[in-house]
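Q: Just dropping this structure here.
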Amino acid sequence: GGSPSNDGTYASYSSGSGQADVESASLVSAAAVSSPCNLCEPGEVGINAEILFNGVETSCSEVYHFLAIQTSEGSETCTMGKNALRDACCLKKCDLCAGGGIPDWYAMVNVNGNSMTCLELDGIITDSMIEAESDQCNDVLSVAAPACCYVPPEESCNICKSDSGMNDVLTSVEVTYGGTSSTCGAIFNALFSREEQESETCAMVTNDLAEQCCYNKCSLCDPLQTNTAVSVEHDGTQLGCGEFDSYIFASNFIVEGSEECAAFQTDYKDECCYDIACNLCAKGDTIYTPKEDEPVTYGG
């Protein structure tokens with residue numbers, strides 16, 4: 001087919017099923033375009049159908065490109081183009097989470113015996129032009145939606161939460177659970193994003209895996225405070241005091257009470273840790289001004 005006319009007008013459109021007439025309109029110059037005109041709305045995909053545009057045989061993809069480089073979103077020309085061509089050139093794509101929830105693009109799903117991520121499945125839906133509410137779309141959603149879509153919990157499940165506080169997760173440790181091999185980190189993240197802390201699933205997995213997946217991470221200063229403004233030399237490199245807990249101990253899974261943890265505390269506690277000074281005139285979040293010359297009787 002030919003390319004759209006450059007005279008800046010819409011004359012007629014026909015796709016074999018009807019015809020729409022649109023008024024002539026001047027196109028916005030490319031230099032003035034801030035947000036390009038998009039023929040299709042969000043959630044729709046373009047169909048490369050053959051159409052008549054300004055009396056010339058062309059394709060939807062050529063008109064799509066023409067509008068994008070010549071007109072801006074929201075302009076009169078763009079709106080008229082959408083009204084005339086959108087039904088023929090755009091298809092509402094099957095939405096994995098049309099029934100509600102947030103897509104988890106990297107969750108795994110099995111469709112027709114093929115295992116893939118939800119993101120890969122969404123790409124197949126787009127390439128295959130599967131239309132929303134079609135039988136094919138409904139078949140895909142019945143299998144994929146439970147795996148690919150979730151509602152964020154109000155209080156996320158933390159399998160490393162215990163009565164004594166929060167432990168850390170051994171992210172790289174591999175475990176077999178429910179007949180499937182995975183890492184503690186992957187299981188932790190899946191439950192944290194999908195399950196409520198008080199759910200039966202959270203309680204069951206916590207009971208089964210907490211001992212294998214969780215540990216009490218070394219703390220350089222606890223119960224004292226860490227002076228994050230101070231740096232010390234460690235293995236020939238300057239390291240901020242706060243990086244021991246957040247990086248060194250976390251990445252090496254150093255456990256509180258271990259010889260390795262005790263060695264770090266002995267080497268760096270004096271430089272990195274401090275106690276909060278007693279403030280006689282503090283109550284809650286309020287700081288009062290001391291009456292320095294006021295006589296008092298204390299301890300007799």
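The way I read the labels, and the way they are meant: chains A, B, ... in the order of the structure tokens, residue 1 as the first residue of every chain, and ligand 1 as the first ligand shown, with later ones counted on from there.
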From a DSSP calculation on the backbone, collect every residue of region 41-149 of chain A in alpha helix (DSSP H) and output the set as an NGL selection string.

A: :A and (60-70 or 76-89 or 118-127 or 135-148)

Q: Got a sec: who's within 12 Å of Glu233 (chain A), counting only C-alpha atoms, leaving out chain neighbours fewer than 2 positions off, as a list in words?

A: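 Result of the neighbour search: Val230, Ser231, Asp235, Gly236, Thr237, Gln238, Leu239, Gly240, Cys241, Glu243, Phe244, Asp267, Tyr268, Glu271 and Cys272 of chain A.
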
Q: Write out, as a compact mmCIF listing (two decimals), in the first residue's frame, the residues just selected, with N, CA, C and O atoms.

A:
# COMPACT_ATOMS: atom_id res chain seq x y z
N VAL A 230 30.85 7.75 60.99
CA VAL A 230 32.26 7.38 61.18
C VAL A 230 32.66 6.29 60.19
O VAL A 230 31.88 5.37 59.91
N SER A 231 33.88 6.39 59.66
CA SER A 231 34.46 5.36 58.80
C SER A 231 35.69 4.77 59.49
O SER A 231 36.41 5.48 60.21
N ASP A 235 40.31 -4.37 56.21
CA ASP A 235 41.00 -5.07 55.12
C ASP A 235 41.58 -4.08 54.11
O ASP A 235 41.49 -4.26 52.89
N GLY A 236 42.18 -2.99 54.62
CA GLY A 236 42.83 -2.02 53.76
C GLY A 236 41.90 -1.06 53.05
O GLY A 236 42.33 -0.28 52.19
N THR A 237 40.60 -1.09 53.40
CA THR A 237 39.61 -0.22 52.75
C THR A 237 38.83 0.56 53.80
O THR A 237 38.51 0.02 54.87
N GLN A 238 38.52 1.82 53.49
CA GLN A 238 37.69 2.62 54.39
C GLN A 238 36.24 2.17 54.27
O GLN A 238 35.68 2.09 53.18
N LEU A 239 35.63 1.87 55.42
CA LEU A 239 34.27 1.34 55.42
C LEU A 239 33.45 2.09 56.46
O LEU A 239 33.91 2.31 57.59
N GLY A 240 32.26 2.52 56.10
CA GLY A 240 31.38 3.19 57.05
C GLY A 240 30.92 2.21 58.11
O GLY A 240 30.67 1.03 57.83
N CYS A 241 30.78 2.69 59.33
CA CYS A 241 30.38 1.80 60.42
C CYS A 241 29.04 1.11 60.15
O CYS A 241 28.82 -0.03 60.55
N GLU A 243 27.99 0.00 57.41
CA GLU A 243 28.09 -1.02 56.36
C GLU A 243 28.40 -2.41 56.91
O GLU A 243 28.26 -3.40 56.19
N PHE A 244 28.83 -2.51 58.16
CA PHE A 244 29.07 -3.83 58.73
C PHE A 244 27.76 -4.61 58.82
O PHE A 244 27.65 -5.75 58.35
N ASP A 267 37.01 -5.57 67.39
CA ASP A 267 37.86 -4.69 66.59
C ASP A 267 37.26 -3.29 66.37
O ASP A 267 38.00 -2.30 66.30
N TYR A 268 35.92 -3.20 66.27
CA TYR A 268 35.34 -1.94 65.80
C TYR A 268 34.31 -1.30 66.74
O TYR A 268 33.84 -0.19 66.46
N GLU A 271 35.13 2.31 68.18
CA GLU A 271 35.10 3.41 67.22
C GLU A 271 33.71 3.66 66.64
O GLU A 271 33.37 4.79 66.30
N CYS A 272 32.91 2.61 66.52
CA CYS A 272 31.64 2.72 65.78
C CYS A 272 30.40 2.85 66.66
O CYS A 272 29.34 3.23 66.16

Q: Set the distance at 10 Å and use only C-alpha atoms: which residues neighbour region 194-211 of chain A once local chain neighbours fewer than 2 positions away are removed? I'd like the list as an mmCIF file with N, CA, C and O atoms, in the first residue's frame.

A:
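And here's selection_19.cif as it stands now:
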data_model
loop_
_atom_site.group_PDB
_atom_site.id
_atom_site.type_symbol
_atom_site.label_atom_id
_atom_site.label_comp_id
_atom_site.auth_asym_id
_atom_site.auth_seq_id
_atom_site.Cartn_x
_atom_site.Cartn_y
_atom_site.Cartn_z
ATOM 1 N N ASP A 104 2.529 -10.268 38.688
ATOM 2 C CA ASP A 104 3.870 -10.661 39.137
ATOM 3 C C ASP A 104 4.568 -11.214 37.904
ATOM 4 O O ASP A 104 4.485 -12.404 37.598
ATOM 5 N N CYS A 149 -1.224 -13.183 39.127
ATOM 6 C CA CYS A 149 -1.846 -11.992 39.713
ATOM 7 C C CYS A 149 -2.048 -12.176 41.223
ATOM 8 O O CYS A 149 -2.399 -13.261 41.680
ATOM 9 N N TYR A 150 -1.850 -11.105 41.960
ATOM 10 C CA TYR A 150 -2.005 -11.188 43.413
ATOM 11 C C TYR A 150 -2.463 -9.846 43.980
ATOM 12 O O TYR A 150 -2.268 -8.797 43.368
ATOM 13 N N VAL A 151 -3.080 -9.913 45.144
ATOM 14 C CA VAL A 151 -3.476 -8.708 45.886
ATOM 15 C C VAL A 151 -2.480 -8.541 47.030
ATOM 16 O O VAL A 151 -2.302 -9.466 47.834
ATOM 17 N N PRO A 152 -1.778 -7.402 47.115
ATOM 18 C CA PRO A 152 -0.772 -7.217 48.170
ATOM 19 C C PRO A 152 -1.390 -7.364 49.556
ATOM 20 O O PRO A 152 -2.480 -6.844 49.813
ATOM 21 N N PRO A 153 -0.722 -8.073 50.450
ATOM 22 C CA PRO A 153 -1.258 -8.256 51.809
ATOM 23 C C PRO A 153 -1.176 -6.971 52.619
ATOM 24 O O PRO A 153 -0.349 -6.102 52.355
ATOM 25 N N GLU A 154 -2.043 -6.857 53.613
ATOM 26 C CA GLU A 154 -1.996 -5.701 54.514
ATOM 27 C C GLU A 154 -0.794 -5.796 55.445
ATOM 28 O O GLU A 154 -0.116 -4.807 55.718
ATOM 29 N N GLU A 155 -0.520 -7.004 55.951
ATOM 30 C CA GLU A 155 0.690 -7.256 56.749
ATOM 31 C C GLU A 155 1.396 -8.447 56.115
ATOM 32 O O GLU A 155 0.921 -9.575 56.192
ATOM 33 N N SER A 156 2.520 -8.191 55.478
ATOM 34 C CA SER A 156 3.206 -9.220 54.697
ATOM 35 C C SER A 156 3.730 -10.350 55.570
ATOM 36 O O SER A 156 4.226 -10.129 56.686
ATOM 37 N N CYS A 157 3.644 -11.553 55.030
ATOM 38 C CA CYS A 157 4.181 -12.732 55.705
ATOM 39 C C CYS A 157 5.700 -12.646 55.758
ATOM 40 O O CYS A 157 6.360 -12.437 54.749
ATOM 41 N N ASN A 158 6.254 -12.797 56.957
ATOM 42 C CA ASN A 158 7.705 -12.830 57.153
ATOM 43 C C ASN A 158 8.035 -14.121 57.878
ATOM 44 O O ASN A 158 7.794 -14.249 59.079
ATOM 45 N N ILE A 159 8.576 -15.090 57.135
ATOM 46 C CA ILE A 159 8.831 -16.402 57.741
ATOM 47 C C ILE A 159 9.959 -16.351 58.767
ATOM 48 O O ILE A 159 10.185 -17.318 59.489
ATOM 49 N N CYS A 160 10.686 -15.225 58.814
ATOM 50 C CA CYS A 160 11.780 -15.088 59.782
ATOM 51 C C CYS A 160 11.383 -14.248 60.995
ATOM 52 O O CYS A 160 12.230 -13.845 61.785
ATOM 53 N N LYS A 161 10.095 -13.984 61.120
ATOM 54 C CA LYS A 161 9.605 -13.259 62.285
ATOM 55 C C LYS A 161 9.334 -14.256 63.403
ATOM 56 O O LYS A 161 8.700 -15.292 63.195
ATOM 57 N N SER A 162 9.838 -13.947 64.597
ATOM 58 C CA SER A 162 9.626 -14.829 65.739
ATOM 59 C C SER A 162 9.203 -14.007 66.951
ATOM 60 O O SER A 162 9.176 -12.771 66.895
ATOM 61 N N ASN A 167 14.412 -12.042 62.478
ATOM 62 C CA ASN A 167 15.679 -12.591 62.027
ATOM 63 C C ASN A 167 15.871 -12.286 60.551
ATOM 64 O O ASN A 167 14.958 -11.790 59.886
ATOM 65 N N VAL A 169 17.006 -13.554 56.504
ATOM 66 C CA VAL A 169 16.826 -14.735 55.669
ATOM 67 C C VAL A 169 18.145 -15.130 55.008
ATOM 68 O O VAL A 169 18.904 -14.277 54.545
ATOM 69 N N LEU A 170 18.409 -16.436 54.968
ATOM 70 C CA LEU A 170 19.576 -16.974 54.266
ATOM 71 C C LEU A 170 19.194 -17.112 52.790
ATOM 72 O O LEU A 170 18.766 -18.176 52.333
ATOM 73 N N VAL A 175 16.502 -25.146 49.231
ATOM 74 C CA VAL A 175 15.653 -26.083 49.970
ATOM 75 C C VAL A 175 14.685 -26.744 48.993
ATOM 76 O O VAL A 175 14.421 -26.231 47.905
ATOM 77 N N THR A 176 14.170 -27.894 49.382
ATOM 78 C CA THR A 176 13.112 -28.566 48.627
ATOM 79 C C THR A 176 11.843 -28.500 49.465
ATOM 80 O O THR A 176 11.821 -28.942 50.620
ATOM 81 N N TYR A 177 10.813 -27.919 48.889
ATOM 82 C CA TYR A 177 9.568 -27.734 49.641
ATOM 83 C C TYR A 177 8.384 -27.959 48.707
ATOM 84 O O TYR A 177 8.343 -27.409 47.607
ATOM 85 N N CYS A 184 15.772 -20.104 49.714
ATOM 86 C CA CYS A 184 15.033 -19.463 50.809
ATOM 87 C C CYS A 184 14.637 -18.040 50.430
ATOM 88 O O CYS A 184 13.551 -17.573 50.791
ATOM 89 N N ILE A 187 11.496 -18.092 48.148
ATOM 90 C CA ILE A 187 10.299 -18.433 48.925
ATOM 91 C C ILE A 187 9.908 -17.270 49.828
ATOM 92 O O ILE A 187 8.728 -16.915 49.927
ATOM 93 N N PHE A 188 10.897 -16.665 50.476
ATOM 94 C CA PHE A 188 10.634 -15.521 51.346
ATOM 95 C C PHE A 188 9.947 -14.399 50.563
ATOM 96 O O PHE A 188 8.934 -13.842 51.000
ATOM 97 N N ASN A 189 10.494 -14.051 49.379
ATOM 98 C CA ASN A 189 9.948 -12.948 48.580
ATOM 99 C C ASN A 189 8.543 -13.247 48.080
ATOM 100 O O ASN A 189 7.675 -12.358 48.049
ATOM 101 N N ALA A 190 8.291 -14.499 47.671
ATOM 102 C CA ALA A 190 6.965 -14.864 47.177
ATOM 103 C C ALA A 190 5.916 -14.729 48.271
ATOM 104 O O ALA A 190 4.827 -14.181 48.053
ATOM 105 N N LEU A 191 6.247 -15.209 49.457
ATOM 106 C CA LEU A 191 5.296 -15.114 50.568
ATOM 107 C C LEU A 191 5.130 -13.676 51.046
ATOM 108 O O LEU A 191 4.021 -13.246 51.388
ATOM 109 N N PHE A 192 6.229 -12.921 51.067
ATOM 110 C CA PHE A 192 6.177 -11.534 51.538
ATOM 111 C C PHE A 192 5.279 -10.687 50.642
ATOM 112 O O PHE A 192 4.577 -9.786 51.114
ATOM 113 N N CYS A 213 15.981 -21.552 56.943
ATOM 114 C CA CYS A 213 16.108 -20.343 56.126
ATOM 115 C C CYS A 213 16.447 -19.069 56.904
ATOM 116 O O CYS A 213 16.780 -18.057 56.279
ATOM 117 N N CYS A 214 16.346 -19.091 58.209
ATOM 118 C CA CYS A 214 16.493 -17.850 58.966
ATOM 119 C C CYS A 214 17.651 -17.933 59.975
ATOM 120 O O CYS A 214 17.969 -19.003 60.478
ATOM 121 N N TYR A 215 18.240 -16.785 60.240
ATOM 122 C CA TYR A 215 19.336 -16.735 61.216
ATOM 123 C C TYR A 215 19.347 -15.378 61.910
ATOM 124 O O TYR A 215 18.804 -14.398 61.391
#

Q: Of the residues A:Met129, A:Ser61, A:Ala107, A:Lys82, which is the one nearest to Gly43 (chain A), using only C-alpha atoms?

A: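 Looking only at the distances to Gly43 (chain A), the closest residue turns out to be A:Met129.
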
Q: Considering only C-alpha atoms, return as a list of chain:residue names whatever protein or nucleic-acid residues lie within 12 Å of region 111-121 of chain A, sequence-local ones (same chain, fewer than 3 positions apart) excluded.

A: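 Everything that qualifies: A:Cys94, A:Asp95, A:Leu96, A:Cys97, A:Ile102, A:Pro103, A:Asp104, A:Trp105, A:Tyr106, A:Ala107, A:Met108, A:Ile124, A:Ile125, A:Thr126, A:Asp127, A:Ser128, A:Ile130, A:Cys137, A:Asp139, A:Val140, A:Leu141, A:Ser142, A:Val143, A:Ala144, A:Ala145, A:Pro146, A:Ala147, A:Cys148, A:Cys149.
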
Q: With only C-alpha atoms as the counted atoms, please give the residues lying no more than 10 Å from Asn252 (chain A), apart from itself and same-chain residues fewer than 4 positions off, as a ChimeraX atom specification.

A: /A:170,217,247-248

Q: Grab the residues selected above and save them as a PDB file, in the first residue's frame with all heavy atoms.

A:
ATOM      1  N   LEU A 170      18.409 -16.436  54.968  1.00  0.00           N
ATOM      2  CA  LEU A 170      19.576 -16.974  54.266  1.00  0.00           C
ATOM      3  C   LEU A 170      19.194 -17.112  52.790  1.00  0.00           C
ATOM      4  O   LEU A 170      18.766 -18.176  52.333  1.00  0.00           O
ATOM      5  CB  LEU A 170      19.964 -18.337  54.865  1.00  0.00           C
ATOM      6  CG  LEU A 170      20.445 -18.296  56.326  1.00  0.00           C
ATOM      7  CD1 LEU A 170      20.374 -19.681  56.957  1.00  0.00           C
ATOM      8  CD2 LEU A 170      21.863 -17.745  56.400  1.00  0.00           C
ATOM      9  N   LYS A 217      21.238 -12.423  62.583  1.00  0.00           N
ATOM     10  CA  LYS A 217      22.415 -11.764  62.004  1.00  0.00           C
ATOM     11  C   LYS A 217      23.208 -11.001  63.058  1.00  0.00           C
ATOM     12  O   LYS A 217      22.652 -10.392  63.968  1.00  0.00           O
ATOM     13  CB  LYS A 217      21.964 -10.791  60.909  1.00  0.00           C
ATOM     14  CG  LYS A 217      23.110 -10.177  60.111  1.00  0.00           C
ATOM     15  CD  LYS A 217      22.574  -9.201  59.063  1.00  0.00           C
ATOM     16  CE  LYS A 217      22.066  -7.933  59.714  1.00  0.00           C
ATOM     17  NZ  LYS A 217      21.581  -6.943  58.743  1.00  0.00           N
ATOM     18  N   TYR A 247      25.957  -4.678  55.015  1.00  0.00           N
ATOM     19  CA  TYR A 247      26.633  -5.338  53.900  1.00  0.00           C
ATOM     20  C   TYR A 247      27.503  -6.522  54.330  1.00  0.00           C
ATOM     21  O   TYR A 247      27.265  -7.661  53.913  1.00  0.00           O
ATOM     22  CB  TYR A 247      27.483  -4.329  53.126  1.00  0.00           C
ATOM     23  CG  TYR A 247      28.308  -4.969  52.037  1.00  0.00           C
ATOM     24  CD1 TYR A 247      27.684  -5.541  50.926  1.00  0.00           C
ATOM     25  CD2 TYR A 247      29.695  -5.030  52.126  1.00  0.00           C
ATOM     26  CE1 TYR A 247      28.433  -6.149  49.924  1.00  0.00           C
ATOM     27  CE2 TYR A 247      30.453  -5.643  51.133  1.00  0.00           C
ATOM     28  CZ  TYR A 247      29.816  -6.201  50.038  1.00  0.00           C
ATOM     29  OH  TYR A 247      30.560  -6.808  49.058  1.00  0.00           O
ATOM     30  N   ILE A 248      28.508  -6.277  55.189  1.00  0.00           N
ATOM     31  CA  ILE A 248      29.463  -7.332  55.556  1.00  0.00           C
ATOM     32  C   ILE A 248      28.753  -8.512  56.219  1.00  0.00           C
ATOM     33  O   ILE A 248      28.908  -9.673  55.807  1.00  0.00           O
ATOM     34  CB  ILE A 248      30.556  -6.785  56.503  1.00  0.00           C
ATOM     35  CG1 ILE A 248      31.357  -5.669  55.809  1.00  0.00           C
ATOM     36  CG2 ILE A 248      31.476  -7.919  56.958  1.00  0.00           C
ATOM     37  CD1 ILE A 248      32.179  -6.127  54.649  1.00  0.00           C
TER      38      ILE A 248
END

Q: In region 29-252 of chain A, what's strand (DSSP E or B) per DSSP? Answer as a VMD selection string?

A: chain A and resid 36 44 to 46 50 to 53 56 to 59 72 90 to 93 102 to 103 108 to 111 114 to 117 131 149 to 150 156 161 to 162 165 to 166 168 to 169 174 to 177 180 to 183 196 214 to 215 217 225 to 226 231 to 234 237 to 240

Q: Counting only C-alpha atoms, which of A:Met80, A:Ala49, A:Cys89, A:Cys261 gets nearest to Asp222 (chain A)?

A: A:Cys261

Q: Under the rule that only C-alpha atoms are counted, which of A:Cys90, A:Leu39, A:Ala262, A:Leu280 is the nearest residue to Gly74 (chain A)?

A: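 Among the listed residues, the smallest separation from Gly74 (chain A) belongs to A:Leu39.
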
Q: List as an MDAnalysis selection string the protein and nucleic acid residues near Gly257 (chain A), meaning an atom at most 10 Å away when only C-alpha atoms are counted, but skip any in the same chain fewer than 6 places from it.

A: chainID A and resid 216:219

Q: Store the residues of this selection in a file with N, CA, C and O atoms, as a short mmCIF file (atom, residue, chain, number, x, y, z; two decimals), in the first residue's frame.

A:
data_model
loop_
_atom_site.label_atom_id
_atom_site.label_comp_id
_atom_site.auth_asym_id
_atom_site.auth_seq_id
_atom_site.Cartn_x
_atom_site.Cartn_y
_atom_site.Cartn_z
N ASN A 216 19.95 -15.35 63.08
CA ASN A 216 20.08 -14.11 63.86
C ASN A 216 21.37 -13.42 63.42
O ASN A 216 22.46 -13.80 63.83
N LYS A 217 21.24 -12.42 62.58
CA LYS A 217 22.42 -11.76 62.00
C LYS A 217 23.21 -11.00 63.06
O LYS A 217 22.65 -10.39 63.97
N CYS A 218 24.52 -11.06 62.91
CA CYS A 218 25.43 -10.33 63.80
C CYS A 218 25.12 -8.84 63.79
O CYS A 218 24.82 -8.26 62.75
N SER A 219 25.17 -8.21 64.95
CA SER A 219 25.00 -6.77 65.07
C SER A 219 26.26 -6.19 65.71
O SER A 219 26.69 -6.65 66.76
#
